[in-house]
>>> print(open('my_file.cif').read())   # mmCIF, C-alpha atoms and all ligand atoms
data_protein
#
loop_
_atom_site.label_atom_id
_atom_site.label_comp_id
_atom_site.auth_asym_id
_atom_site.auth_seq_id
_atom_site.Cartn_x
_atom_site.Cartn_y
_atom_site.Cartn_z
CA MET A 1 54.23 158.62 191.86
CA GLY A 2 52.24 161.01 189.65
CA GLU A 3 51.58 158.36 187.01
CA ARG A 4 49.71 159.15 183.84
CA ARG A 5 46.55 157.06 183.50
CA PHE A 6 46.57 154.23 181.01
CA ASP A 7 43.68 152.15 182.29
CA ASN A 8 41.85 150.84 179.24
CA GLU A 9 44.86 150.29 177.10
CA GLU A 10 44.95 147.09 175.07
CA LEU A 11 48.29 145.87 173.80
CA LEU A 12 48.20 144.00 170.50
CA THR A 13 50.88 141.82 168.98
CA VAL A 14 50.76 139.78 165.80
CA ARG A 15 48.94 136.94 167.58
CA LEU A 16 47.96 138.23 171.01
CA SER A 17 45.69 140.68 172.80
CA LEU A 18 46.73 141.88 176.26
CA ARG A 19 44.05 143.45 178.48
CA ARG A 20 43.62 144.42 182.11
CA PRO A 21 42.33 141.34 183.99
CA THR A 22 38.73 141.33 185.20
CA MET A 23 36.81 139.16 187.66
CA GLU A 24 36.04 136.93 184.66
CA ASP A 25 39.70 135.93 184.70
CA VAL A 26 39.79 134.71 188.31
CA ASP A 27 39.18 131.08 187.30
CA THR A 28 42.23 131.20 185.02
CA ILE A 29 44.34 132.94 187.67
CA HIS A 30 43.34 130.04 189.92
CA SER A 31 43.93 127.23 187.43
CA ILE A 32 47.39 128.48 186.38
CA HIS A 33 48.56 129.32 189.90
CA SER A 34 47.36 126.04 191.36
CA ASP A 35 49.25 124.10 188.66
CA ARG A 36 52.59 122.96 190.12
CA ARG A 37 54.19 122.91 186.67
CA ALA A 38 53.47 126.62 186.22
CA CYS A 39 54.91 127.44 189.66
CA ALA A 40 57.71 124.84 189.73
CA HIS A 41 60.42 127.49 189.97
CA ASN A 42 58.38 129.87 192.13
CA PRO A 43 56.42 127.76 194.65
CA ALA A 44 55.80 130.87 196.76
CA ASP A 45 53.37 131.97 194.00
CA LEU A 46 51.18 128.82 194.28
CA LEU A 47 47.53 129.37 195.18
CA ALA A 48 45.43 126.83 197.05
CA THR A 49 41.84 128.03 196.70
CA ARG A 50 39.66 130.12 194.41
CA ALA A 51 39.37 132.65 197.25
CA ASP A 52 43.16 133.01 197.08
CA ALA A 53 42.83 133.70 193.35
CA GLU A 54 40.19 136.37 194.02
CA ASP A 55 42.62 137.95 196.48
CA ARG A 56 45.43 137.77 193.89
CA HIS A 57 43.16 139.50 191.35
CA ARG A 58 42.21 142.14 193.92
CA ARG A 59 45.87 142.93 194.49
CA TRP A 60 46.60 143.07 190.74
CA ASP A 61 43.61 145.38 190.30
CA GLU A 62 44.73 147.60 193.16
CA HIS A 63 48.08 148.02 191.34
CA TRP A 64 46.20 149.01 188.16
CA ARG A 65 44.14 151.57 190.11
CA ARG A 66 47.20 153.02 191.78
CA HIS A 67 49.59 153.10 188.82
CA GLY A 68 47.47 152.84 185.68
CA PHE A 69 49.27 149.69 184.52
CA GLY A 70 50.05 146.24 185.88
CA TYR A 71 49.61 142.65 184.72
CA TRP A 72 47.69 141.95 181.53
CA ALA A 73 45.57 138.91 180.67
CA VAL A 74 46.93 137.45 177.43
CA ARG A 75 44.56 135.96 174.83
CA PRO A 76 44.82 135.01 171.18
CA ARG A 77 43.57 138.01 169.22
CA ASP A 78 40.78 138.07 166.67
CA ILE A 79 39.20 134.76 167.60
CA GLY A 80 35.73 136.34 167.74
CA GLN A 81 34.44 134.66 170.88
CA PRO A 82 35.13 134.92 174.60
CA SER A 83 38.05 132.73 175.61
CA ALA A 84 40.07 132.02 178.72
CA PRO A 85 43.45 133.74 178.89
CA LEU A 86 46.52 131.77 177.81
CA GLY A 87 48.34 133.40 180.70
CA PHE A 88 49.36 136.66 182.31
CA CYS A 89 52.22 139.05 181.65
CA GLY A 90 52.98 142.52 182.94
CA ILE A 91 54.95 144.78 185.22
CA LYS A 92 54.75 145.59 188.90
CA VAL A 93 56.36 148.48 190.77
CA MET A 94 58.82 147.17 193.34
CA ARG A 95 62.09 148.08 195.03
CA LEU A 96 65.29 146.29 194.16
CA ARG A 97 68.32 147.30 196.20
CA ASP A 98 66.60 150.55 197.20
CA VAL A 99 65.84 151.48 193.59
CA GLU A 100 62.23 151.59 192.35
CA VAL A 101 61.98 149.34 189.32
CA LEU A 102 59.34 147.69 187.13
CA ASN A 103 59.38 143.94 187.69
CA LEU A 104 58.46 141.92 184.60
CA PHE A 105 56.18 138.94 185.22
CA TYR A 106 54.96 136.16 182.93
CA ARG A 107 53.15 132.93 183.62
CA PHE A 108 51.21 130.90 181.05
CA ASP A 109 49.10 127.78 181.17
CA PRO A 110 51.36 124.78 180.37
CA SER A 111 49.10 123.93 177.40
CA ALA A 112 50.26 127.20 175.78
CA TRP A 113 53.99 126.74 176.32
CA GLY A 114 56.50 126.35 173.52
CA ASP A 115 54.77 128.41 170.80
CA GLY A 116 56.58 131.69 171.42
CA PHE A 117 53.68 133.32 173.28
CA GLY A 118 55.80 134.05 176.37
CA THR A 119 58.41 135.95 174.39
CA GLU A 120 55.76 137.70 172.25
CA ALA A 121 53.82 138.96 175.29
CA ALA A 122 56.90 139.93 177.30
CA THR A 123 58.31 141.84 174.33
CA ALA A 124 55.05 143.79 174.01
CA VAL A 125 55.10 144.65 177.71
CA VAL A 126 58.76 145.73 177.67
CA ASP A 127 58.14 147.84 174.54
CA TRP A 128 55.08 149.43 176.19
CA ALA A 129 56.99 150.23 179.40
CA THR A 130 59.99 151.56 177.49
CA SER A 131 57.81 153.95 175.58
CA HIS A 132 55.35 154.98 178.33
CA LEU A 133 57.67 154.89 181.36
CA PRO A 134 61.05 155.71 179.81
CA ASP A 135 62.67 156.74 183.09
CA ARG A 136 62.04 153.39 184.74
CA THR A 137 64.33 150.38 184.74
CA ILE A 138 62.60 147.10 183.89
CA VAL A 139 63.93 143.99 185.61
CA ALA A 140 63.16 140.29 185.51
CA ARG A 141 64.05 138.13 188.52
CA VAL A 142 64.61 134.58 187.31
CA ARG A 143 65.53 131.39 189.11
CA PRO A 144 68.81 130.21 187.51
CA ASP A 145 67.45 126.80 186.45
CA ASN A 146 64.32 128.25 184.79
CA THR A 147 65.68 128.05 181.25
CA ALA A 148 62.46 129.06 179.49
CA SER A 149 62.14 132.15 181.67
CA LEU A 150 65.78 133.10 181.13
CA ARG A 151 65.17 132.87 177.38
CA VAL A 152 61.99 134.97 177.59
CA ALA A 153 63.75 137.72 179.60
CA ALA A 154 66.57 137.87 177.05
CA GLY A 155 64.16 137.61 174.12
CA ALA A 156 62.20 140.58 175.45
CA GLY A 157 65.37 142.68 175.30
CA LEU A 158 66.58 142.56 178.90
CA HIS A 159 70.25 142.04 179.68
CA ARG A 160 71.88 139.94 182.35
CA ALA A 161 72.84 142.16 185.33
CA GLU A 162 74.86 139.90 187.64
CA HIS A 163 75.70 142.72 190.04
CA LEU A 164 72.01 142.94 190.99
CA ASP A 165 71.45 139.22 191.71
CA ALA A 166 69.51 138.84 194.94
CA GLN A 167 67.85 136.32 197.22
CA GLY A 168 64.15 136.09 196.41
CA GLU A 169 61.27 134.29 198.11
CA ASP A 170 62.27 130.98 196.49
CA GLY A 171 66.07 131.31 196.54
CA LEU A 172 68.66 133.10 194.43
CA ASP A 173 67.26 135.18 191.58
CA TRP A 174 69.30 136.08 188.55
CA ILE A 175 68.50 139.63 187.51
CA PHE A 176 67.96 140.80 183.96
CA ALA A 177 67.57 144.55 183.43
CA SER A 178 66.72 146.99 180.67
CA ARG A 179 69.76 149.05 181.68
CA GLY A 180 72.24 149.34 184.53
CA THR A 181 71.03 150.36 187.96
CA THR A 182 73.26 151.20 190.89
C1 LIG B 201 58.40 131.09 181.05
C2 LIG B 201 57.20 130.86 180.14
C3 LIG B 201 56.25 132.07 180.25
C4 LIG B 201 57.71 130.75 178.71
O1 LIG B 201 56.56 130.71 177.87
P1 LIG B 201 56.62 130.09 176.39
O2 LIG B 201 55.48 130.67 175.63
O3 LIG B 201 56.75 128.62 176.45
O4 LIG B 201 57.99 130.72 175.87
P2 LIG B 201 58.50 130.77 174.37
O5 LIG B 201 57.78 129.76 173.54
O6 LIG B 201 58.49 132.20 173.95
O7 LIG B 201 60.01 130.26 174.52
C5 LIG B 201 61.04 131.11 174.93
C6 LIG B 201 62.38 130.37 174.80
O8 LIG B 201 62.47 129.37 175.83
C7 LIG B 201 62.71 128.11 175.26
N1 LIG B 201 61.98 127.15 176.06
C8 LIG B 201 60.64 127.06 176.20
N2 LIG B 201 60.35 126.07 177.07
C9 LIG B 201 61.54 125.53 177.46
C10 LIG B 201 61.90 124.51 178.35
N3 LIG B 201 60.98 123.81 179.03
N4 LIG B 201 63.21 124.23 178.52
C11 LIG B 201 64.15 124.92 177.88
N5 LIG B 201 63.87 125.95 177.02
C12 LIG B 201 62.57 126.23 176.82
C13 LIG B 201 62.19 128.22 173.84
O9 LIG B 201 62.82 127.30 172.99
C14 LIG B 201 62.56 129.64 173.49
O10 LIG B 201 63.94 129.68 173.20
P3 LIG B 201 64.56 130.77 172.18
O11 LIG B 201 64.36 132.12 172.81
O12 LIG B 201 65.99 130.37 172.09
O13 LIG B 201 63.78 130.63 170.90
C15 LIG B 201 56.45 129.54 180.51
O14 LIG B 201 57.38 128.48 180.46
C16 LIG B 201 55.82 129.59 181.87
O15 LIG B 201 54.71 130.09 182.05
N6 LIG B 201 56.53 129.07 182.88
C17 LIG B 201 56.00 129.01 184.26
C18 LIG B 201 55.99 130.37 184.91
C19 LIG B 201 57.38 130.94 185.08
O16 LIG B 201 58.33 130.21 185.36
N7 LIG B 201 57.46 132.26 184.92
C20 LIG B 201 58.69 132.96 185.08
C21 LIG B 201 58.90 133.35 186.50
S1 LIG B 201 60.42 134.30 186.63
#
>>> encode(input="my_file.cif", output="structure tokens")
Amino acid sequence: MGERRFDNEELLTVRLSLRRPTMEDVDTIHSIHSDRRACAHNPADLLATRADAEDRHRRWDEHWRRHGFGYWAVRPRDIGQPSAPLGFCGIKVMRLRDVEVLNLFYRFDPSAWGDGFGTEAATAVVDWATSHLPDRTIVARVRPDNTASLRVAAGAGLHRAEHLDAQGEDGLDWIFASRGTT
């Protein structure tokens, strides 16, 4: 795709630091993705073992190597000591109805829900993609009963795009998009 390289970029928001995940983050990938609350609307994303989490990290890292961006590990900023991520948020290249798009992802530990972190991180990622990859459409694929996720997609600036709704791995996905796609 002839991407520019962005590899060591850190995204900062008022409260959060977003960085490329490392092997140090595998335990958190495992704990969040083996928590049924965090995967209630997307059971296909559940992980059973730590080895599965290592594999998930390997695939995320492969995306970073190939494209120069991907999913970020989200931590509180300026806390001055190593800490586990609150969650993960980022974009993945995928095809939706034969169009290459950037799929927005966010998943946080349930202990971090309800403080606005999901919207804050997703907004930073959408802003980053809009400025660094301006020709790409950003989409979020959301299960219709996942109210928090619907709110995060809208809060990050994406718009409901009913004409793109599609069956996903876990059933019907409502599509939000940064602009119209055919
Ligand atoms: C989706 C998720 C990242 C939201 O994270 P969060 O930090 O709690 O989100 P925020 O605090 O920014 O809240 C966003 C909005 O959702 C609302 N909200 C949060 N939790 C809610 C809930 N359980 N039910 C209804 N609304 C909820 C908030 O009030 C807020 O509304 P507003 O935009 O009108 O102010 C988090 O719930 C999560 O990790 N869920 C599991 C993974 C997942 O479903 N990912 C999406 C896959 S498509």
>>> residues_around(input="my_file.cif", residues="Ile29 in chain A", least_positions_apart="5", cutoff="12 Å", atoms="only C-alpha atoms", output="MDAnalysis selection string")
chainID A and resid 21:24 34:35 38 45:58 60 71:74 84:89 107:109
>>> atom_distance(input="my_file.cif", atom1="atom N2 of ligand LIG 201 (chain B)", atom2="CA of Ala156 in chain A")
14.7 Å
>>> atom_distance(input="my_file.cif", atom1="atom O3 of ligand LIG 201 (chain B)", atom2="CA of Ala122 in chain A")
11.3 Å
>>> residues_around(input="my_file.cif", residues="Ala177 in chain A", least_positions_apart="4", cutoff="7 Å", atoms="all atoms listed in the file", output="list in words")
Thr137, Ile138, Val139, Ala140, Leu158, His159, Arg160 and Ala161 of chain A
>>> residues_near_ligand(input="my_file.cif", ligand="ligand LIG 201 (chain B)", cutoff="8 Å", atoms="all atoms listed in the file", output="ChimeraX atom specification")
/A:37-42,87,105-110,112-120,140-143,146-152,154-155
>>> closest_residue(input="my_file.cif", among="A:Glu162, A:Arg77, A:Glu9, A:Asp173", to="His132 in chain A", atoms="all atoms listed in the file")
A:Glu9
>>> atom_distance(input="my_file.cif", atom1="CA of Pro144 in chain A", atom2="CA of Ser178 in chain A")
18.2 Å
>>> residues_around(input="my_file.cif", residues="Ala166 in chain A", least_positions_apart="4", cutoff="9 Å", atoms="all atoms listed in the file", output="mmCIF file with C-alpha atoms, keeping the file's coordinate frame")
data_model
loop_
_atom_site.group_PDB
_atom_site.id
_atom_site.type_symbol
_atom_site.label_atom_id
_atom_site.label_comp_id
_atom_site.auth_asym_id
_atom_site.auth_seq_id
_atom_site.Cartn_x
_atom_site.Cartn_y
_atom_site.Cartn_z
ATOM 1 C CA LEU A 96 65.290 146.290 194.160
ATOM 2 C CA ARG A 97 68.320 147.300 196.200
ATOM 3 C CA ARG A 141 64.050 138.130 188.520
ATOM 4 C CA GLY A 171 66.070 131.310 196.540
ATOM 5 C CA LEU A 172 68.660 133.100 194.430
ATOM 6 C CA ASP A 173 67.260 135.180 191.580
ATOM 7 C CA TRP A 174 69.300 136.080 188.550
ATOM 8 C CA ILE A 175 68.500 139.630 187.510
#
>>> closest_residue(input="my_file.cif", among="A:Ile32, A:Leu164, A:Leu11, A:Ala124", to="Asp98 in chain A", atoms="all atoms listed in the file")
A:Leu164
>>> residues_near_point(input="my_file.cif", point="(41.8, 136.8, 167.2)", cutoff="10 Å", atoms="all atoms listed in the file", output="ChimeraX atom specification")
/A:14-17,75-81
>>> closest_residue(input="my_file.cif", among="A:Thr123, A:Thr28, A:Ser83, A:Ser111", to="Thr13 in chain A", atoms="all atoms listed in the file")
A:Thr123
>>> axis_aligned_box(input="my_file.cif", around="range 73-89 of chain A", padding_each_side="3 Å", output="lines of an AutoDock Vina configuration file")
center_x = 43.3
center_y = 135.4
center_z = 174.5
size_x = 23.8
size_y = 13.3
size_z = 21.6
>>> closest_residue(input="my_file.cif", among="A:Leu104, A:Asp145, A:Asp170, A:His163", to="Ala129 in chain A", atoms="all atoms listed in the file")
A:Leu104
>>> closest_residue(input="my_file.cif", among="A:Leu102, A:Phe176, A:Arg36, A:Gln167", to="Val125 in chain A", atoms="all atoms listed in the file")
A:Leu102
>>> closest_residue(input="my_file.cif", among="A:Glu100, A:Ser31, A:Asp25, A:Arg20", to="His63 in chain A", atoms="only C-alpha atoms")
A:Arg20
